[in-house]
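A short worksheet on the structure shown next.
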Amino acid sequence: MLQLITILNRCHHHRGFVYEAARFSSTQRTTIEVGVRPRAGSAAVCSGCHRPAAGYDQLPERRFEFIPLWGFLVFFLYRMRRVNCKTCGVVVEEVPWASGKHQLTKVYMHFLAHWARKLSWKETAEAFRTSWDQVCHAVEYMVGWGLEHRTLGPIRAIGVDEIQYAKGHKYLTLVYQIDANLTRLLWVGKERTVETFRGFFAMIGQELAGQIEFVCSDMWKAYLRVIREKCSQALHILDRFHIVAKMNEALDDVRAGEARKMAREGYEPVLKKTRWCVLKRKENLTAKQRFRLRDLLRYNLTTVRAYLLKEDFQQFWEYESATWAGKFLDEWCRQTMRSRIEPMKKIARTLRAHRELILNYFKARKEFSSGVVEGLNNKAKVTMRRSYGFRTFRITELALYHSLGKLPEPELTHEFF
């Protein structure tokens with residue numbers, strides 16, 4: 001076991017402590033135990049004020065789990081000392097390889113958390129012969145350390161959106177930083193209420209909120225209200241993705257309603273299997289869908305008129321000037337309101353109500369949109385789907401921060417992964 005002690009001294013050395021003999025456990029043949037003792041003459045450090053203090057007594061031997069080696073579990077054995085600190089009284093000493101009452105060493109928690117970002121937590125636990133709870137503790141430690149040491153500012157642009165995280169109407173509010181040089185998760189809130197979103201601005205403070213220049217969101221009223229209250233100086237950009245999605249929903253409602261009406265009245269089912277022909281972009285259509293769409297456009301149907309309105313609106317995003325884009329938007333809404341197609345008229349009324357926020361997309365020179373936010377949302381969903389969901393909000397929050405937060409990590413004495 002001399003080689004193991006040499007390796008530990010090379011890659012995981014701690015000043016003031018000495019690795020003693022390593023041996024196989026007498027009860028478990030696949031476990032290696034490494035004794036650790038204080039170096040002669042070294043003073044213990046108080047875990048409260050982090051300063052050297054006089055010794056008081058020693059506690060029974062504790063086991064700290066280290067990174068497995070060649071399929072063997074590795075444990076450090078050490079008798080913790082108590083110190084008589086002038087400031088904190090009699091407390092347990094601070095050791096450099098562990099934190100508080102954690103049974104895992106810091107480097108092993110770092111190791112497990114690294115793999116928990118690539119695998120599900122259950123797969124990570126099975127791969128390294130530990131438990132799901134230990135992996136959870138490792139991620140919790142790393143996220144806690146990262147949140148404590150991260151630098152929030154400066155923040156130029158943020159995006160806010162919600163995702164469903166459990167059965168029923170249970171949502172998370174996610175706030176991202178979407179600067180050109182940095183995209184990361186800044187905050188996770190439970191539900192999508194006004195009070196929830198206010199919690200984000202309470203976390204960053206008024207000074208940092210006042211530096212935000214751009215905000216991307218959808219048309220959820222709670223978000224619009226809080227942005228007006230807390231971030232009024234920022235250019236508020238409504239989400240292009242959600243506008244297109246709502247228009248597609250309106251078109252699909254028209255198609256489905258007309259198809260049912262034609263079936264009741266005994267007409268030929270020309271709208272059958274045409275959903276994706278009218279919803280997909282032209283460049284994404286298959287050859288069969290192109291022929292089907294070409295045949296459909298010969299009919300004088302409400303669905304066809306709604307489809308043409310939707311396709312006309314795509315020109316809106318090609319404008320560079322907010323002024324000309326506004327003129328196009330006004331004319332499109334005027335034509336749509338005269339179309340007598342109620343779902344499309346509802347979209348036109350919505351666009352008129354949020355006209356200025358929609359035109360902010362052009363005032364920002366198309367630099368920011370919620371496309372980045374939707375991409376990050378997909379990564380968040382993958383994080384939850386990889387583990388088939390999490391039972392509590394707290395665990396979900398930890399997993400999202402760990403995967404998307406780009407949190408700082410403590411420095412290691414050696415790169416173990």
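Ligands are numbered from 1 in the order shown, chains are lettered A, B, ... in the order of the structure tokens, and residues start at 1 in each chain.
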
Requested in this report: Identify all residues of segment 66-207 of chain A in strand (DSSP E or B) (DSSP on the backbone) and supply them as a PyMOL selection string.
Outcome: chain A and resi 66-69+72-85+89-93+104+157-166+170-179+182-190

Report task. Can you check which residues of segment 61-192 of chain A DSSP gives as alpha helix (DSSP H) on the backbone and send them as a ChimeraX atom specification? Result -> /A:106-116,121-127,132-149

Would you mind exporting N, CA and C atoms of the selected residues as an mmCIF file, in the first residue's frame?
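Final output, saved to out01.cif:
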```cif
data_model
loop_
_atom_site.group_PDB
_atom_site.id
_atom_site.type_symbol
_atom_site.label_atom_id
_atom_site.label_comp_id
_atom_site.auth_asym_id
_atom_site.auth_seq_id
_atom_site.Cartn_x
_atom_site.Cartn_y
_atom_site.Cartn_z
ATOM 1 N N LYS A 106 -14.431 16.431 0.233
ATOM 2 C CA LYS A 106 -14.786 17.482 -0.719
ATOM 3 C C LYS A 106 -14.477 17.062 -2.149
ATOM 4 N N VAL A 107 -13.324 16.443 -2.332
ATOM 5 C CA VAL A 107 -12.928 16.071 -3.685
ATOM 6 C C VAL A 107 -13.845 14.978 -4.240
ATOM 7 N N TYR A 108 -14.353 14.088 -3.376
ATOM 8 C CA TYR A 108 -15.276 13.049 -3.845
ATOM 9 C C TYR A 108 -16.633 13.665 -4.194
ATOM 10 N N MET A 109 -17.074 14.650 -3.424
ATOM 11 C CA MET A 109 -18.321 15.340 -3.772
ATOM 12 C C MET A 109 -18.172 16.068 -5.106
ATOM 13 N N HIS A 110 -17.010 16.671 -5.316
ATOM 14 C CA HIS A 110 -16.730 17.328 -6.596
ATOM 15 C C HIS A 110 -16.766 16.307 -7.734
ATOM 16 N N PHE A 111 -16.179 15.167 -7.497
ATOM 17 C CA PHE A 111 -16.119 14.077 -8.477
ATOM 18 C C PHE A 111 -17.524 13.578 -8.823
ATOM 19 N N LEU A 112 -18.338 13.290 -7.804
ATOM 20 C CA LEU A 112 -19.697 12.800 -8.045
ATOM 21 C C LEU A 112 -20.552 13.856 -8.748
ATOM 22 N N ALA A 113 -20.412 15.116 -8.327
ATOM 23 C CA ALA A 113 -21.198 16.187 -8.941
ATOM 24 C C ALA A 113 -20.830 16.358 -10.411
ATOM 25 N N HIS A 114 -19.571 16.165 -10.746
ATOM 26 C CA HIS A 114 -19.133 16.252 -12.154
ATOM 27 C C HIS A 114 -19.851 15.197 -13.001
ATOM 28 N N TRP A 115 -19.905 13.971 -12.506
ATOM 29 C CA TRP A 115 -20.556 12.902 -13.272
ATOM 30 C C TRP A 115 -22.075 13.022 -13.235
ATOM 31 N N ALA A 116 -22.613 13.633 -12.175
ATOM 32 C CA ALA A 116 -24.068 13.829 -12.094
ATOM 33 C C ALA A 116 -24.555 14.839 -13.124
ATOM 34 N N TRP A 121 -28.684 10.968 -11.683
ATOM 35 C CA TRP A 121 -28.117 10.772 -10.346
ATOM 36 C C TRP A 121 -28.122 9.292 -9.964
ATOM 37 N N LYS A 122 -29.138 8.561 -10.389
ATOM 38 C CA LYS A 122 -29.196 7.132 -10.086
ATOM 39 C C LYS A 122 -28.072 6.387 -10.790
ATOM 40 N N GLU A 123 -27.823 6.720 -12.053
ATOM 41 C CA GLU A 123 -26.743 6.069 -12.796
ATOM 42 C C GLU A 123 -25.387 6.402 -12.193
ATOM 43 N N THR A 124 -25.225 7.641 -11.736
ATOM 44 C CA THR A 124 -23.970 8.031 -11.093
ATOM 45 C C THR A 124 -23.744 7.221 -9.819
ATOM 46 N N ALA A 125 -24.799 7.073 -9.012
ATOM 47 C CA ALA A 125 -24.685 6.305 -7.765
ATOM 48 C C ALA A 125 -24.329 4.852 -8.052
ATOM 49 N N GLU A 126 -24.957 4.262 -9.066
ATOM 50 C CA GLU A 126 -24.678 2.861 -9.402
ATOM 51 C C GLU A 126 -23.268 2.693 -9.944
ATOM 52 N N ALA A 127 -22.793 3.646 -10.739
ATOM 53 C CA ALA A 127 -21.467 3.533 -11.352
ATOM 54 C C ALA A 127 -20.356 3.564 -10.310
ATOM 55 N N TRP A 132 -28.042 7.207 -3.985
ATOM 56 C CA TRP A 132 -28.616 8.394 -4.610
ATOM 57 C C TRP A 132 -28.525 9.581 -3.652
ATOM 58 N N ASP A 133 -28.729 9.335 -2.356
ATOM 59 C CA ASP A 133 -28.662 10.409 -1.364
ATOM 60 C C ASP A 133 -27.270 11.040 -1.305
ATOM 61 N N GLN A 134 -26.242 10.210 -1.432
ATOM 62 C CA GLN A 134 -24.883 10.751 -1.398
ATOM 63 C C GLN A 134 -24.606 11.618 -2.626
ATOM 64 N N VAL A 135 -25.106 11.193 -3.783
ATOM 65 C CA VAL A 135 -24.959 12.012 -4.991
ATOM 66 C C VAL A 135 -25.699 13.334 -4.810
ATOM 67 N N CYS A 136 -26.890 13.263 -4.220
ATOM 68 C CA CYS A 136 -27.669 14.480 -3.954
ATOM 69 C C CYS A 136 -26.908 15.417 -3.022
ATOM 70 N N HIS A 137 -26.289 14.882 -1.968
ATOM 71 C CA HIS A 137 -25.509 15.707 -1.041
ATOM 72 C C HIS A 137 -24.332 16.352 -1.766
ATOM 73 N N ALA A 138 -23.718 15.593 -2.690
ATOM 74 C CA ALA A 138 -22.584 16.126 -3.437
ATOM 75 C C ALA A 138 -23.006 17.298 -4.318
ATOM 76 N N VAL A 139 -24.116 17.135 -5.023
ATOM 77 C CA VAL A 139 -24.613 18.215 -5.887
ATOM 78 C C VAL A 139 -25.018 19.418 -5.037
ATOM 79 N N GLU A 140 -25.656 19.154 -3.895
ATOM 80 C CA GLU A 140 -26.084 20.239 -3.011
ATOM 81 C C GLU A 140 -24.879 21.039 -2.509
ATOM 82 N N TYR A 141 -23.814 20.341 -2.173
ATOM 83 C CA TYR A 141 -22.600 21.011 -1.711
ATOM 84 C C TYR A 141 -22.008 21.889 -2.808
ATOM 85 N N MET A 142 -21.912 21.338 -4.033
ATOM 86 C CA MET A 142 -21.305 22.082 -5.137
ATOM 87 C C MET A 142 -22.162 23.283 -5.531
ATOM 88 N N VAL A 143 -23.487 23.106 -5.563
ATOM 89 C CA VAL A 143 -24.371 24.220 -5.916
ATOM 90 C C VAL A 143 -24.306 25.298 -4.840
ATOM 91 N N GLY A 144 -24.331 24.893 -3.572
ATOM 92 C CA GLY A 144 -24.239 25.859 -2.483
ATOM 93 C C GLY A 144 -22.954 26.658 -2.538
ATOM 94 N N TRP A 145 -21.842 25.965 -2.798
ATOM 95 C CA TRP A 145 -20.543 26.656 -2.895
ATOM 96 C C TRP A 145 -20.546 27.604 -4.088
ATOM 97 N N GLY A 146 -21.094 27.149 -5.214
ATOM 98 C CA GLY A 146 -21.109 27.964 -6.420
ATOM 99 C C GLY A 146 -21.964 29.211 -6.273
ATOM 100 N N LEU A 147 -23.156 29.067 -5.671
ATOM 101 C CA LEU A 147 -24.023 30.228 -5.474
ATOM 102 C C LEU A 147 -23.401 31.239 -4.527
ATOM 103 N N GLU A 148 -22.676 30.738 -3.531
ATOM 104 C CA GLU A 148 -22.045 31.628 -2.559
ATOM 105 C C GLU A 148 -20.889 32.415 -3.175
ATOM 106 N N HIS A 149 -20.213 31.822 -4.158
ATOM 107 C CA HIS A 149 -19.010 32.448 -4.717
ATOM 108 C C HIS A 149 -19.210 33.015 -6.122
#
```

For the interface of segment 87-157 of chain A with segment 52-60 of chain A (cut-off 10 Å, counting only C-alpha atoms), please tabulate each contacting residue of segment 87-157 of chain A alongside its nearest pair of atoms and their separation in Å to one decimal, rows sorted by chain and increasing number, as a tab-separated table.
```
residue	atom	partner	partner_atom	distance
A:Thr87	CA	A:Ala53	CA	9.5
A:Cys88	CA	A:Ala53	CA	9.9
A:Gly89	CA	A:Ala53	CA	9.9
A:Val90	CA	A:Tyr56	CA	7.4
A:Val91	CA	A:Tyr56	CA	8.9
A:Val92	CA	A:Leu59	CA	8.7
A:Glu93	CA	A:Ala53	CA	8.8
A:Glu94	CA	A:Pro52	CA	9.6
```

Report summary line: Expressed in Å, the length from atom CA of Val34 of chain A to atom CA of Tyr78 of chain A is 8.8 Å

Requested in this report: Fewer than 2 positions away in the same chain doesn't count, so skip those; otherwise give me all residues within 12 Å of Ile67 of chain A, counting only C-alpha atoms, as a list in words.
Outcome: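 Neighbouring residues, sequence-local ones excluded: Leu8, His12, Thr31, Ile32, Phe64, Glu65, Leu69, Trp70, Gly71, Phe72, Leu73, Val74, Phe75, Phe76, Trp97, Leu104, Thr105, Lys106, Val107, Tyr108, Met109, His110, Phe111, Leu112, Phe128, Arg129, Thr130, Phe416 and Phe417 of chain A.
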
With C-alpha atoms retained, export the selected residues as a tab-separated table (two decimals), in the first residue's frame.
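Output below, filename selection-v3.tsv:
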```tsv
chain	number	residue	atom	x	y	z
A	8	LEU	CA	-2.17	10.59	-2.11
A	12	HIS	CA	-4.16	15.23	-2.35
A	31	THR	CA	-12.55	-1.46	0.90
A	32	ILE	CA	-9.23	0.30	1.52
A	64	PHE	CA	-14.51	9.98	5.21
A	65	GLU	CA	-15.18	8.44	1.81
A	69	LEU	CA	-9.69	3.40	-6.81
A	70	TRP	CA	-9.71	0.46	-9.31
A	71	GLY	CA	-13.07	-0.73	-7.99
A	72	PHE	CA	-12.03	-0.44	-4.32
A	73	LEU	CA	-13.86	1.94	-1.99
A	74	VAL	CA	-11.38	4.23	-0.23
A	75	PHE	CA	-11.97	5.70	3.25
A	76	PHE	CA	-9.89	8.09	5.35
A	97	TRP	CA	-10.57	17.45	3.11
A	104	LEU	CA	-17.80	12.38	1.80
A	105	THR	CA	-14.54	14.19	1.19
A	106	LYS	CA	-14.79	17.48	-0.72
A	107	VAL	CA	-12.93	16.07	-3.69
A	108	TYR	CA	-15.28	13.05	-3.85
A	109	MET	CA	-18.32	15.34	-3.77
A	110	HIS	CA	-16.73	17.33	-6.60
A	111	PHE	CA	-16.12	14.08	-8.48
A	112	LEU	CA	-19.70	12.80	-8.05
A	128	PHE	CA	-19.48	4.49	-8.24
A	129	ARG	CA	-21.18	2.12	-5.77
A	130	THR	CA	-22.74	4.80	-3.61
A	416	PHE	CA	-9.42	13.74	-10.85
A	417	PHE	CA	-11.75	13.63	-13.89
```

Query - From A:Leu296, A:Val188, A:Ala166, A:Ala98, residue lying nearest Phe66 of chain A [only C-alpha atoms] - result: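 Comparing A:Leu296, A:Val188, A:Ala166, A:Ala98 against Phe66 of chain A, the winner is A:Ala98.
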
Report task. Pick out the residues sitting within 10 Å of segment 369-386 of chain A, and hand them over as an MDAnalysis selection string; count only C-alpha atoms, and ignore anything fewer than 3 positions along from it in its own chain. Result -> chainID A and resid 117:122 158:166 174:179 183:185 214:218 237:242 361 364 366 389:390 396 399:404

For N, CA and C atoms, I'd like the residues from the last selection saved as a compact mmCIF listing (two decimals), in the first residue's frame.
```
# COMPACT_ATOMS: atom_id res chain seq x y z
N ARG A 117 -23.63 15.62 -13.69
CA ARG A 117 -24.00 16.55 -14.76
C ARG A 117 -24.10 15.82 -16.10
N LYS A 118 -23.43 14.69 -16.22
CA LYS A 118 -23.42 13.92 -17.47
C LYS A 118 -24.41 12.75 -17.45
N LEU A 119 -24.62 12.17 -16.27
CA LEU A 119 -25.51 11.02 -16.11
C LEU A 119 -26.66 11.40 -15.19
N SER A 120 -27.66 10.53 -15.11
CA SER A 120 -28.68 10.72 -14.09
C SER A 120 -28.06 10.44 -12.73
N TRP A 121 -28.68 10.97 -11.68
CA TRP A 121 -28.12 10.77 -10.35
C TRP A 121 -28.12 9.29 -9.96
N LYS A 122 -29.14 8.56 -10.39
CA LYS A 122 -29.20 7.13 -10.09
C LYS A 122 -28.07 6.39 -10.79
N ILE A 158 -31.62 39.85 -19.86
CA ILE A 158 -32.17 38.66 -19.21
C ILE A 158 -33.36 38.16 -20.03
N GLY A 159 -33.65 36.89 -19.87
CA GLY A 159 -34.84 36.29 -20.46
C GLY A 159 -35.59 35.53 -19.37
N VAL A 160 -36.90 35.64 -19.37
CA VAL A 160 -37.71 34.96 -18.36
C VAL A 160 -38.76 34.11 -19.05
N ASP A 161 -38.96 32.90 -18.55
CA ASP A 161 -39.96 32.00 -19.11
C ASP A 161 -40.34 31.00 -18.04
N GLU A 162 -41.39 30.23 -18.32
CA GLU A 162 -41.82 29.21 -17.36
C GLU A 162 -41.79 27.84 -18.03
N ILE A 163 -41.56 26.81 -17.23
CA ILE A 163 -41.66 25.43 -17.70
C ILE A 163 -42.46 24.63 -16.69
N GLN A 164 -43.12 23.60 -17.16
CA GLN A 164 -43.87 22.71 -16.27
C GLN A 164 -42.91 21.70 -15.68
N TYR A 165 -43.01 21.45 -14.38
CA TYR A 165 -42.04 20.54 -13.75
C TYR A 165 -42.69 19.38 -13.02
N ALA A 166 -44.02 19.32 -12.97
CA ALA A 166 -44.68 18.21 -12.28
C ALA A 166 -46.07 18.03 -12.88
N LEU A 174 -38.10 30.57 -14.65
CA LEU A 174 -36.66 30.52 -14.85
C LEU A 174 -36.20 31.85 -15.44
N VAL A 175 -35.17 32.43 -14.82
CA VAL A 175 -34.60 33.68 -15.32
C VAL A 175 -33.17 33.39 -15.77
N TYR A 176 -32.87 33.75 -17.03
CA TYR A 176 -31.56 33.49 -17.61
C TYR A 176 -30.84 34.80 -17.93
N GLN A 177 -29.54 34.77 -17.84
CA GLN A 177 -28.73 35.84 -18.42
C GLN A 177 -28.45 35.46 -19.86
N ILE A 178 -28.74 36.34 -20.81
CA ILE A 178 -28.59 36.00 -22.23
C ILE A 178 -27.68 37.01 -22.93
N ASP A 179 -26.64 37.45 -22.24
CA ASP A 179 -25.64 38.32 -22.87
C ASP A 179 -24.94 37.57 -23.99
N THR A 183 -24.34 33.01 -21.34
CA THR A 183 -25.72 32.56 -21.13
C THR A 183 -25.72 31.58 -19.97
N ARG A 184 -26.55 31.84 -18.97
CA ARG A 184 -26.58 30.98 -17.79
C ARG A 184 -27.90 31.18 -17.06
N LEU A 185 -28.22 30.21 -16.21
CA LEU A 185 -29.40 30.31 -15.35
C LEU A 185 -29.05 31.16 -14.14
N PHE A 214 -31.94 45.01 -21.52
CA PHE A 214 -32.91 44.30 -22.36
C PHE A 214 -33.55 43.17 -21.55
N VAL A 215 -34.85 43.00 -21.73
CA VAL A 215 -35.60 41.90 -21.09
C VAL A 215 -36.44 41.21 -22.16
N CYS A 216 -36.31 39.90 -22.26
CA CYS A 216 -37.13 39.11 -23.19
C CYS A 216 -38.11 38.27 -22.38
N SER A 217 -39.36 38.29 -22.79
CA SER A 217 -40.37 37.48 -22.09
C SER A 217 -41.50 37.16 -23.05
N ASP A 218 -42.44 36.34 -22.57
CA ASP A 218 -43.67 36.11 -23.33
C ASP A 218 -44.73 37.10 -22.83
N ILE A 237 -38.62 43.22 -24.74
CA ILE A 237 -38.83 42.58 -26.05
C ILE A 237 -39.75 41.39 -25.87
N LEU A 238 -40.88 41.41 -26.56
CA LEU A 238 -41.78 40.26 -26.48
C LEU A 238 -41.25 39.13 -27.35
N ASP A 239 -41.51 37.94 -26.91
CA ASP A 239 -40.93 36.74 -27.48
C ASP A 239 -41.49 36.43 -28.87
N ARG A 240 -40.63 36.42 -29.89
CA ARG A 240 -41.03 36.06 -31.25
C ARG A 240 -41.55 34.62 -31.30
N PHE A 241 -40.91 33.74 -30.56
CA PHE A 241 -41.29 32.32 -30.56
C PHE A 241 -42.74 32.15 -30.15
N HIS A 242 -43.15 32.83 -29.07
CA HIS A 242 -44.51 32.65 -28.58
C HIS A 242 -45.54 33.31 -29.49
N TYR A 361 -38.30 44.54 -30.58
CA TYR A 361 -37.41 43.55 -31.19
C TYR A 361 -36.54 44.22 -32.26
N ALA A 364 -34.03 46.86 -30.77
CA ALA A 364 -32.84 46.19 -30.23
C ALA A 364 -31.96 45.64 -31.35
N LYS A 366 -32.53 43.38 -33.45
CA LYS A 366 -32.66 41.92 -33.51
C LYS A 366 -31.53 41.20 -32.78
N GLY A 389 -37.91 13.07 -13.84
CA GLY A 389 -38.51 14.03 -12.93
C GLY A 389 -37.94 13.93 -11.52
N PHE A 390 -38.17 14.95 -10.75
CA PHE A 390 -37.74 14.99 -9.35
C PHE A 390 -38.98 15.21 -8.47
N THR A 396 -35.28 19.69 -7.75
CA THR A 396 -35.34 20.22 -9.11
C THR A 396 -34.49 21.47 -9.24
N ALA A 399 -30.78 20.57 -9.33
CA ALA A 399 -30.39 19.96 -10.60
C ALA A 399 -30.27 21.02 -11.71
N LEU A 400 -31.19 21.99 -11.72
CA LEU A 400 -31.15 23.03 -12.76
C LEU A 400 -29.96 23.97 -12.57
N TYR A 401 -29.72 24.40 -11.35
CA TYR A 401 -28.55 25.25 -11.09
C TYR A 401 -27.27 24.51 -11.48
N HIS A 402 -27.23 23.22 -11.15
CA HIS A 402 -26.02 22.43 -11.40
C HIS A 402 -25.76 22.28 -12.89
N SER A 403 -26.83 22.11 -13.69
CA SER A 403 -26.67 21.88 -15.12
C SER A 403 -26.52 23.17 -15.93
N LEU A 404 -27.25 24.23 -15.53
CA LEU A 404 -27.35 25.42 -16.37
C LEU A 404 -26.76 26.69 -15.74
```

Query - Between atom CA of Cys231 of chain A and atom CA of Ala180 of chain A - distance in Å to one decimal - result: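 Answer for the atom CA of Ala180 of chain A to atom CA of Cys231 of chain A separation: 19.9 Å.
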
Query - Within 12 Å of Glu311 of chain A using only C-alpha atoms, minus same-chain residues under 4 positions, as a PyMOL selection string - result: chain A and resi 244+247-248+251+278-282+304-307+315-317+332
